[in-house]
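Asks: Just so it is clear, I am handing over work19.cif, which has mmCIF, C-alpha atoms.
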data_my_file
loop_
_atom_site.label_atom_id
_atom_site.label_comp_id
_atom_site.auth_asym_id
_atom_site.auth_seq_id
_atom_site.Cartn_x
_atom_site.Cartn_y
_atom_site.Cartn_z
CA MET E 407 68.46 -20.60 61.56
CA GLU E 408 71.39 -22.45 59.99
CA ASP E 409 69.45 -25.65 60.76
CA SER E 410 67.17 -26.19 57.76
CA GLU E 411 64.40 -27.89 59.76
CA SER E 412 64.33 -25.08 62.32
CA SER E 413 64.33 -22.37 59.68
CA LYS E 414 61.56 -24.25 57.83
CA ILE E 415 59.39 -24.21 60.98
CA VAL E 416 60.02 -20.51 61.63
CA LEU E 417 59.51 -19.27 58.07
CA SER E 418 56.60 -21.60 57.22
CA THR E 419 54.79 -20.23 60.27
CA LEU E 420 55.60 -16.59 59.54
CA LEU E 421 54.65 -16.83 55.86
CA ASN E 422 51.77 -19.29 56.32
CA GLU E 423 53.21 -21.18 53.34
CA ASN E 424 53.91 -24.88 52.84
CA ILE E 425 57.71 -24.81 52.55
CA ILE E 426 58.99 -28.23 51.46
CA ASP E 427 62.65 -27.33 51.05
CA ILE E 428 64.79 -24.44 52.26
CA GLN E 429 68.41 -23.38 51.93
CA LEU E 430 70.27 -20.65 53.79
CA GLN E 431 72.04 -18.34 51.35
CA PRO E 432 74.25 -16.22 53.63
CA THR E 433 75.56 -12.94 52.35
CA VAL E 434 78.66 -12.33 54.45
CA TYR E 435 79.82 -8.81 55.27
CA THR E 436 83.42 -8.52 56.50
CA HIS E 437 85.12 -5.57 58.17
CA HIS E 438 88.60 -5.19 56.66
CA LYS E 439 91.17 -3.20 58.58
CA ASP E 440 92.41 -1.09 55.69
CA SER E 441 89.13 -0.83 53.82
CA ILE E 442 88.12 2.65 52.75
CA GLU E 443 84.50 1.53 52.72
CA ASN E 444 84.75 0.19 56.30
CA PRO E 445 87.15 2.54 58.12
CA ALA E 446 86.43 1.19 61.61
CA THR E 447 87.63 -2.33 62.32
CA ILE E 448 86.18 -4.55 65.04
CA ILE E 449 88.37 -7.49 66.07
CA ASP E 450 87.25 -10.68 67.79
CA PRO E 451 89.35 -10.69 71.01
CA LYS E 452 89.52 -14.50 71.01
CA THR E 453 90.65 -15.08 67.43
CA THR E 454 92.05 -11.59 66.58
CA GLU E 455 90.21 -11.93 63.26
CA ASN E 456 87.89 -9.43 61.61
CA VAL E 457 84.28 -9.81 62.72
CA ARG E 458 81.90 -11.30 60.17
CA LEU E 459 78.17 -10.84 60.19
CA SER E 460 75.76 -12.89 58.06
CA GLN E 461 72.49 -11.67 56.58
CA MET E 462 69.68 -14.22 56.73
CA ASP E 463 68.72 -14.82 53.11
CA PHE E 464 66.96 -18.06 52.19
CA THR E 465 65.79 -19.75 49.02
CA ALA E 466 62.75 -21.94 49.60
CA THR E 467 60.58 -24.22 47.53
CA VAL E 468 56.89 -23.67 48.30
CA LEU E 469 54.09 -26.11 47.48
CA LEU E 470 51.17 -24.05 46.17
CA ASN E 471 47.47 -24.84 46.54
CA ASP E 472 47.20 -26.06 42.94
CA GLY E 473 49.97 -28.62 43.50
CA THR E 474 52.68 -26.71 41.65
CA LYS E 475 55.99 -25.70 43.20
CA GLU E 476 57.53 -22.23 43.30
CA LEU E 477 61.03 -21.12 44.21
CA ILE E 478 60.98 -17.99 46.39
CA MET E 479 63.58 -15.90 48.19
CA ILE E 480 63.05 -14.90 51.82
CA GLU E 481 65.03 -12.02 53.26
CA LEU E 482 65.01 -12.06 57.06
CA GLN E 483 65.99 -8.80 58.77
CA ARG E 484 65.96 -7.73 62.39
CA ALA E 485 66.18 -4.21 63.77
CA SER E 486 66.07 -2.39 67.07
CA GLU E 487 66.09 1.17 65.68
CA PRO E 488 63.63 2.78 63.22
CA ASP E 489 66.38 4.42 61.17
CA ASP E 490 67.38 0.99 59.81
CA ILE E 491 64.92 1.63 56.96
CA PHE E 492 67.71 2.88 54.68
CA ARG E 493 69.66 -0.33 55.25
CA PHE E 494 66.56 -2.42 54.51
CA LYS E 495 65.97 -0.62 51.22
CA ARG E 496 69.51 -1.34 50.08
CA TYR E 497 69.26 -5.07 50.85
CA ILE E 498 65.85 -5.40 49.16
CA SER E 499 67.16 -3.63 46.07
CA LYS E 500 70.10 -6.04 45.89
CA ASN E 501 68.10 -9.23 46.48
CA PHE E 502 65.36 -8.11 44.07
CA GLN E 503 67.82 -8.75 41.24
CA THR E 504 68.52 -12.37 42.21
CA LYS E 505 67.97 -14.82 39.33
CA GLN E 506 67.26 -18.52 38.92
CA LYS E 507 67.89 -20.87 36.04
CA GLY E 508 64.90 -22.04 34.03
CA GLU E 509 64.10 -23.95 30.86
CA VAL E 510 61.69 -23.27 28.01
CA ILE E 511 60.78 -25.42 25.01
CA GLN E 512 60.79 -23.76 21.59
CA PRO E 513 57.41 -24.45 19.91
CA LYS E 514 58.87 -25.06 16.43
CA THR E 515 62.02 -27.06 17.15
CA GLN E 516 61.04 -28.49 20.58
CA ALA E 517 64.59 -27.58 21.65
CA ILE E 518 65.12 -26.96 25.36
CA ILE E 519 66.67 -23.56 26.02
CA GLU E 520 68.10 -22.47 29.39
CA ILE E 521 66.97 -19.01 30.51
CA GLU E 522 67.31 -16.77 33.55
CA LYS E 523 64.16 -16.06 35.54
CA PRO E 524 63.46 -13.72 38.47
CA ILE E 525 62.68 -15.11 41.94
CA ARG E 526 59.75 -13.87 44.01
CA LEU E 527 61.11 -11.98 47.02
CA ILE E 528 59.45 -11.87 50.45
CA PRO E 529 61.17 -9.56 52.97
CA VAL E 530 60.47 -10.40 56.63
CA PHE E 531 61.24 -7.74 59.25
CA ILE E 532 61.42 -8.56 62.96
CA LEU E 533 61.37 -5.23 64.75
CA ASN E 534 61.93 -4.41 68.39
CA PHE E 535 59.88 -1.23 67.97
CA LYS E 536 56.42 -0.30 66.71
CA ILE E 537 55.74 1.20 63.29
CA GLU E 538 51.99 1.81 63.69
CA ASN E 539 49.49 2.74 66.39
CA GLU E 540 46.34 2.24 64.34
CA VAL E 541 45.62 -1.40 65.17
CA ASN E 542 48.69 -2.29 67.28
CA ASP E 543 49.01 -5.71 65.72
CA LEU E 544 51.82 -8.17 66.31
CA LEU E 545 52.27 -9.06 62.64
CA VAL E 546 51.43 -6.90 59.63
CA ILE E 547 51.31 -8.25 56.07
CA THR E 548 51.04 -6.25 52.87
CA LYS E 549 49.38 -8.18 50.07
CA ARG E 550 49.67 -7.36 46.40
CA GLU E 551 46.39 -6.78 44.59
CA LYS E 552 46.07 -6.84 40.81
CA LEU E 553 42.98 -4.84 39.88
CA GLY E 554 41.63 -4.00 36.42
CA VAL E 555 40.51 -0.37 36.75
CA PHE E 556 37.78 -0.18 34.09
CA LYS E 557 36.25 -3.60 34.67
CA ASN E 558 36.81 -3.36 38.43
CA LEU E 559 37.86 -7.02 38.58
CA LYS E 560 40.78 -8.61 40.41
CA ILE E 561 43.36 -10.67 38.54
CA THR E 562 43.71 -13.80 40.66
CA LYS E 563 46.08 -15.86 38.51
CA HIS E 564 49.88 -15.63 38.54
CA ASN E 565 51.10 -12.90 36.22
CA GLU E 566 54.74 -13.22 35.18
CA PHE E 567 55.23 -9.49 34.56
CA ILE E 568 53.42 -8.00 37.57
CA ASP E 569 54.33 -10.63 40.16
CA ASN E 570 58.03 -10.39 39.37
CA LEU E 571 58.05 -6.60 39.76
CA THR E 572 56.21 -6.47 43.08
CA TYR E 573 56.50 -8.16 46.46
CA ASP E 574 54.71 -8.66 49.77
CA ILE E 575 56.37 -7.80 53.07
CA ILE E 576 55.87 -9.22 56.55
CA VAL E 577 56.52 -6.99 59.56
CA VAL E 578 56.66 -8.27 63.14
CA GLN E 579 56.23 -5.62 65.84
CA LEU E 580 57.58 -7.42 68.91
CA PRO E 581 56.46 -4.77 71.47
CA ASN E 582 52.85 -5.49 70.49
CA ILE E 583 53.03 -9.11 71.65
CA GLN E 584 51.78 -7.87 75.02
CA LYS E 585 48.66 -6.53 73.35
CA ILE E 586 47.61 -9.91 71.91
CA THR E 587 45.06 -11.83 73.98
CA GLU E 588 43.79 -15.40 73.71
CA GLU E 589 40.61 -14.07 72.12
CA ASP E 590 42.70 -12.86 69.17
CA TYR E 591 43.94 -16.32 68.21
CA LYS E 592 42.02 -19.11 69.97
CA ASP E 593 39.76 -19.96 66.99
CA ASP E 594 42.48 -19.89 64.33
CA GLU E 595 45.14 -22.62 64.15
CA TYR E 596 47.54 -20.49 62.10
CA LYS E 597 47.32 -17.59 64.55
CA LYS E 598 47.93 -19.97 67.48
CA ARG E 599 51.12 -21.30 65.92
CA LEU E 600 52.22 -17.81 64.93
CA TYR E 601 51.66 -16.39 68.40
CA THR E 602 53.54 -19.18 70.20
CA LEU E 603 56.43 -18.88 67.73
CA LEU E 604 56.73 -15.13 68.26
CA LYS E 605 56.59 -15.61 72.05
CA LEU E 606 60.11 -17.01 71.63
CA PHE E 607 61.16 -13.48 70.66
CA ASP E 608 59.24 -11.75 73.46
CA GLN E 609 61.60 -9.09 74.82
CA LYS E 610 59.70 -9.05 78.11
CA SER E 611 61.28 -12.46 78.73
CA VAL E 612 64.79 -11.04 78.48
CA VAL E 613 66.93 -11.64 81.54
CA THR E 614 67.35 -8.26 83.23
CA SER E 615 71.11 -8.52 83.56
CA ASN E 616 71.70 -9.83 80.01
CA GLU E 617 69.68 -8.85 76.93
CA HIS E 618 71.05 -11.81 74.97
CA ARG E 619 69.31 -14.36 77.21
CA LEU E 620 65.60 -15.22 77.36
CA ARG E 621 63.80 -16.96 80.21
CA LEU E 622 61.52 -19.58 78.59
CA TYR E 623 59.07 -21.88 80.36
CA ARG E 624 59.05 -25.01 78.24
CA LYS E 625 55.54 -26.14 79.29
CA PHE E 626 53.94 -23.10 77.64
CA PHE E 627 55.22 -23.95 74.14
CA PRO E 628 53.60 -26.51 71.82
CA GLY E 629 55.44 -29.50 70.39
CA PHE E 630 56.10 -28.11 66.93
CA LEU E 631 58.62 -25.71 68.53
CA ASP E 632 60.61 -28.47 70.23
CA ARG E 633 63.38 -28.51 67.64
CA ILE E 634 63.84 -24.74 67.80
CA ILE E 635 63.97 -24.69 71.61
CA HIS E 636 66.47 -27.55 71.63
CA ARG E 637 68.60 -25.67 69.13
CA LEU E 638 68.59 -22.60 71.39
CA GLN E 639 69.52 -24.68 74.41
CA ALA E 640 72.23 -26.55 72.49
CA ALA E 641 73.74 -23.28 71.29
CA ASP E 642 74.28 -22.20 74.88
CA ILE E 643 75.98 -25.47 75.79
CA MET E 644 77.97 -26.21 72.64
CA TYR E 645 79.18 -22.66 71.97
CA PRO E 646 80.26 -21.08 75.28
CA GLU E 647 81.81 -18.14 73.43
CA LEU E 648 78.66 -17.42 71.42
CA GLU E 649 77.40 -14.81 73.86
CA GLU E 650 80.63 -12.86 73.73
CA GLN E 651 80.49 -13.05 69.93
CA MET E 652 76.96 -11.62 70.07
CA PHE E 653 78.21 -8.60 72.02
CA ILE E 654 80.91 -8.07 69.40
CA GLU E 655 78.39 -8.42 66.59
CA ASP E 656 76.16 -5.83 68.28
CA GLU E 657 79.00 -3.32 68.10
CA TYR E 658 79.75 -4.27 64.53
CA LEU E 659 76.10 -4.02 63.54
CA LYS E 660 75.90 -0.50 64.96
CA ALA E 661 78.87 0.54 62.81
CA LEU E 662 77.37 -1.25 59.81
CA ILE E 663 74.01 0.46 60.27
CA ARG E 664 75.65 3.89 60.51
CA ARG E 665 77.66 3.22 57.37
CA ASP E 666 74.76 1.78 55.35
CA ASN E 667 72.39 4.51 56.46
CA THR E 668 74.93 7.17 55.50
CA ILE E 669 75.46 5.57 52.09
CA SER E 670 71.72 5.21 51.49
CA PHE E 671 71.07 8.77 52.63
CA MET E 672 73.77 10.10 50.31
CA GLU E 673 72.43 7.99 47.44
CA GLN E 674 68.97 9.42 48.07
CA LYS E 675 70.35 12.97 48.16
CA LEU E 676 72.28 12.25 44.96
CA ASP E 677 69.09 11.07 43.27
CA GLU E 678 67.25 14.18 44.49
CA ASN E 679 70.05 16.45 43.24
CA LYS E 680 70.07 14.62 39.91
CA LYS E 681 66.33 15.09 39.62
CA THR E 682 66.67 18.79 40.49
CA ILE E 683 69.38 19.23 37.83
CA GLU E 684 67.22 17.44 35.26
CA GLU E 685 64.25 19.69 36.12
CA LYS E 686 66.44 22.80 35.84
CA GLU E 687 67.83 21.61 32.50
CA LYS E 688 64.28 21.02 31.31
CA THR E 689 63.29 24.52 32.46
CA ILE E 690 66.30 26.00 30.64
CA GLU E 691 65.39 24.09 27.47
CA GLU E 692 61.81 25.36 27.68
CA LYS E 693 63.05 28.94 28.19
CA GLU E 694 65.45 28.60 25.25
CA LYS E 695 62.60 27.27 23.14
CA THR E 696 60.43 30.23 24.22
CA ILE E 697 63.24 32.66 23.36
CA GLU E 698 63.67 31.02 19.92
CA GLU E 699 59.92 31.31 19.30
CA LYS E 700 59.98 34.98 20.35
CA GLU E 701 62.97 35.65 18.10
CA LYS E 702 61.16 33.96 15.24
CA THR E 703 58.08 36.10 15.91
CA ILE E 704 60.22 39.26 15.95
CA GLU E 705 61.86 38.25 12.64
CA GLU E 706 58.43 37.69 11.09
CA LYS E 707 57.23 41.07 12.37
CA GLU E 708 60.35 42.81 11.05
CA LYS E 709 59.79 41.13 7.71
CA THR E 710 56.17 42.29 7.69
CA ILE E 711 57.25 45.87 8.53
CA GLU E 712 59.85 45.83 5.75
CA GLU E 713 57.20 44.61 3.29
CA LYS E 714 54.79 47.38 4.34
CA GLU E 715 57.53 50.02 4.02
CA ARG E 716 58.35 48.70 0.55
CA ARG E 717 54.70 48.93 -0.49
CA ILE E 718 54.39 52.45 0.91
CA LYS E 719 57.46 53.58 -1.03
CA GLU E 720 56.10 51.90 -4.16
CA SER E 721 52.72 53.61 -3.71
CA GLU E 722 54.41 57.02 -3.26
CA ARG E 723 56.50 56.44 -6.40
CA ASN E 724 53.44 55.41 -8.43
CA LEU E 725 51.53 58.47 -7.20
CA ASN E 726 54.40 60.76 -8.28
CA ILE E 727 54.48 59.10 -11.69
CA ILE E 728 50.74 59.60 -12.17
CA LYS E 729 51.03 63.27 -11.14
CA LYS E 730 53.89 63.89 -13.61
CA ILE E 731 52.03 62.24 -16.47
CA SER E 732 48.95 64.32 -15.67
CA LYS E 733 51.15 67.42 -15.94
CA GLY E 734 52.18 66.37 -19.46
CA ILE E 735 55.70 65.23 -18.71
CA SER E 736 56.95 62.84 -21.34
CA ILE E 737 56.89 59.11 -20.59
CA ASP E 738 60.45 58.80 -21.90
CA ILE E 739 61.62 61.24 -19.22
CA ILE E 740 59.67 59.36 -16.54
CA THR E 741 61.06 55.94 -17.56
CA LYS E 742 64.61 57.28 -17.34
CA GLU E 743 63.97 58.99 -14.00
CA TYR E 744 62.46 55.92 -12.31
CA GLN E 745 64.31 53.34 -14.41
CA LEU E 746 61.07 51.69 -15.52
CA THR E 747 59.91 50.28 -18.84
CA VAL E 748 56.97 51.69 -20.77
CA ASP E 749 54.98 48.53 -19.99
CA GLU E 750 55.62 49.01 -16.26
CA ILE E 751 54.44 52.66 -16.55
CA ASN E 752 51.29 51.55 -18.36
CA LYS E 753 50.63 48.92 -15.68
CA ILE E 754 50.82 51.62 -12.98
CA LEU E 755 48.36 53.78 -14.97
CA GLU E 756 45.92 50.89 -15.18
#
Represent the supplied structure as structure tokens.
Replies:
Amino acid sequence: MEDSESSKIVLSTLLNENIIDIQLQPTVYTHHKDSIENPATIIDPKTTENVRLSQMDFTATVLLNDGTKELIMIELQRASEPDDIFRFKRYISKNFQTKQKGEVIQPKTQAIIEIEKPIRLIPVFILNFKIENEVNDLLVITKREKLGVFKNLKITKHNEFIDNLTYDIIVVQLPNIQKITEEDYKDDEYKKRLYTLLKLFDQKSVVTSNEHRLRLYRKFFPGFLDRIIHRLQAADIMYPELEEQMFIEDEYLKALIRRDNTISFMEQKLDENKKTIEEKEKTIEEKEKTIEEKEKTIEEKEKTIEEKERRIKESERNLNIIKKISKGISIDIITKEYQLTVDEINKILE
């Protein structure tokens, strides 16, 4: 895949896109002996150096149907165990933030301004296990659909906001290659090319004594795969130590998967705990608010009770005053006794 023409053939066929230019953008992961993040070190016995493992990330220029060009990012991942999903999520999250340089022209000044733009990401997963038993297909594609809910119409044009926040994925289920028959692809040129390409990965062709070697019968593969087959053959001849390196990388990859899965699992648990804490804090705030409202209600009731008690006392006082006046007691005596003015006494009598 380091050969641009070979990678163009592979990825153009998988994506069914017209890729006119492609560049490998390797993200290199290195095991360091004293690294806290990577406690286990795997050493190449030939060079005594730390093992390095590259992720297959590509930037590609695609020629669209309308004649325009688009820069996309392709993330190629392979896996033999289903629990790699945590590792995949971490890589997608990282690559989703990749940017490209762009230019815009200001309408008023016509000045050209350089800006940063997102790149459309397409993750491709080549799996040596099945993820579905519904249709048992060899290749599964998820396609984004932009649908207006009320008008029930699809948005078919490129949308800067939506398209840069979503992505399609391509999943190859290698075990299902045995379930594909000629009837499934004979009338479709794209499916023919796709099937013959994926036959190169057919694990049923693995040499029994060595899982790193495939037994290929050249006559069964069409001409467009010539370059890829030659590259595979040349690798065996030109790099005699490649196979041993593959065994070492297998061991390293297992350690890497365990580490990444542990990190991703802990990150997920941390997010869940954070969410739980936030929900509890929200519940506490709501309870505190309820308590404050209850306290306010109690204060209002106490105030109402105090007001009623005051009125009752005032009514009893007024009744006593009226009784004393009816008995002929002087108003002067009453005003002194209750510390009221004559006008206040007259108002009570009214």
Asks: Which residue is closest to Gln483 in chain E? Choose from E:Val577, E:Lys695, E:Leu470, E:Leu420 and count only C-alpha atoms.
Replies: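 Closest to Gln483 in chain E, using only C-alpha atoms: E:Val577.
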Asks: Rounded to one decimal, what separation in Å do you get between CA of Lys563 in chain E and CA of Asn424 in chain E?
Replies: 18.7 Å
Asks: Residues within 8 Å of Ile586 in chain E, please, as a PyMOL selection string. Count all atoms listed in the file; anything in the same chain fewer than 3 positions from it doesn't count.
Replies: chain E and resi 543-544+582-583+590
Asks: Do you know which residues the PyMOL selection byres ((chain E and resi 537) around 10) returns on this file, as a PyMOL selection string?
Replies: chain E and resi 488+533-536+538-540+542-543+546+577-579
Asks: Considering only C-alpha atoms, state which residue in the set E:Thr515, E:Thr572, E:Asn667, E:Phe531 is at the smallest distance from Arg550 in chain E.
Replies: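 Using only C-alpha atoms, the shortest distance to Arg550 in chain E belongs to E:Thr572.
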Asks: Find, counting all atoms listed in the file, the residue in E:Ala485, E:Lys733, E:Lys709, E:Leu603 that gets nearest to Arg633 in chain E.
Replies: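 So, comparing all the options, the nearest one is E:Leu603.
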Asks: Find the spatial neighbours of range 747-751 of chain E, counting all atoms listed in the file, within a cut-off of 10 Å - ignore same-chain residues fewer than 2 positions away - and output them as number ranges by chain.
Replies: E: 724, 727-728, 731, 737-738, 740-742, 744-745, 753-756
Asks: Could you tell me, as a list in words, exactly which residues end up selected when the PyMOL selection byres ((chain E and resi 628) around 10) is applied to this structure?
Replies: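 Applied to this file, the PyMOL selection byres ((chain E and resi 628) around 10) selects Lys598, Arg599, Thr602, Leu603, Arg624, Lys625, Phe626, Phe627, Gly629, Phe630, Leu631 and Asp632 of chain E.
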Asks: What's the separation between CA of Gly734 in chain E and CA of Glu722 in chain E, in Å to one decimal place?
Replies: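 CA of Glu722 in chain E lies 18.8 Å from CA of Gly734 in chain E.
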Asks: Where's the centre, and what are the edge lengths in Å to one decimal, of a box along x, y and z enclosing all listed atoms of range 409-420 of chain E padded 8 Å per side, as AutoDock Vina command-line options?
Replies:
--center_x 62.1 --center_y -22.2 --center_z 59.8 --size_x 30.7 --size_y 27.3 --size_z 21.1
Asks: Please enumerate the residues selected by the PyMOL selection byres ((chain E and resi 568) around 12) when evaluated against the supplied file, formatted as a VMD selection string.
Replies: chain E and resid 524 526 550 to 553 561 to 567 569 to 573
Asks: The selected residues should be written to file as a PDB file, in the coordinates of the input (atoms: C-alpha atoms).
Replies:
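Saved result, out.pdb, follows:
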ATOM      1  CA  PRO E 524      63.460 -13.720  38.470  1.00  0.00           C
ATOM      2  CA  ARG E 526      59.750 -13.870  44.010  1.00  0.00           C
ATOM      3  CA  ARG E 550      49.670  -7.360  46.400  1.00  0.00           C
ATOM      4  CA  GLU E 551      46.390  -6.780  44.590  1.00  0.00           C
ATOM      5  CA  LYS E 552      46.070  -6.840  40.810  1.00  0.00           C
ATOM      6  CA  LEU E 553      42.980  -4.840  39.880  1.00  0.00           C
ATOM      7  CA  ILE E 561      43.360 -10.670  38.540  1.00  0.00           C
ATOM      8  CA  THR E 562      43.710 -13.800  40.660  1.00  0.00           C
ATOM      9  CA  LYS E 563      46.080 -15.860  38.510  1.00  0.00           C
ATOM     10  CA  HIS E 564      49.880 -15.630  38.540  1.00  0.00           C
ATOM     11  CA  ASN E 565      51.100 -12.900  36.220  1.00  0.00           C
ATOM     12  CA  GLU E 566      54.740 -13.220  35.180  1.00  0.00           C
ATOM     13  CA  PHE E 567      55.230  -9.490  34.560  1.00  0.00           C
ATOM     14  CA  ASP E 569      54.330 -10.630  40.160  1.00  0.00           C
ATOM     15  CA  ASN E 570      58.030 -10.390  39.370  1.00  0.00           C
ATOM     16  CA  LEU E 571      58.050  -6.600  39.760  1.00  0.00           C
ATOM     17  CA  THR E 572      56.210  -6.470  43.080  1.00  0.00           C
ATOM     18  CA  TYR E 573      56.500  -8.160  46.460  1.00  0.00           C
TER      19      TYR E 573
END
Asks: With all atoms listed in the file as the basis for distance, which of E:Leu527, E:Ile576, E:Ile669, E:Ile704 is at the shortest distance from Asn422 in chain E?
Replies: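 Using all atoms listed in the file, Asn422 in chain E sits closest to E:Ile576.
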Asks: Go through E:Asp574, E:Glu678, E:Glu701, E:Glu694 one by one, measure the shortest atom-to-atom distance of each to Thr548 in chain E using all atoms listed in the file, and give the residue with the smallest value.
Replies: E:Asp574
Asks: For CA of Ile480 in chain E and CA of Ala466 in chain E, quote the distance in Å rounded to one decimal.
Replies: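 Interatomic distance here is 7.4 Å.
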Asks: List every protein, DNA or RNA residue that has an atom no more than 10 Å from (46.8, -16.3, 58.1) in the file's coordinate frame, counting all atoms listed in the file, and report them as a list of chain:residue names.
Replies: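 Every residue inside that radius is included here: E:Thr419, E:Leu420, E:Leu421, E:Asn422, E:Glu423, E:Ile547, E:Asp594, E:Glu595, E:Tyr596, E:Lys597, E:Leu600.
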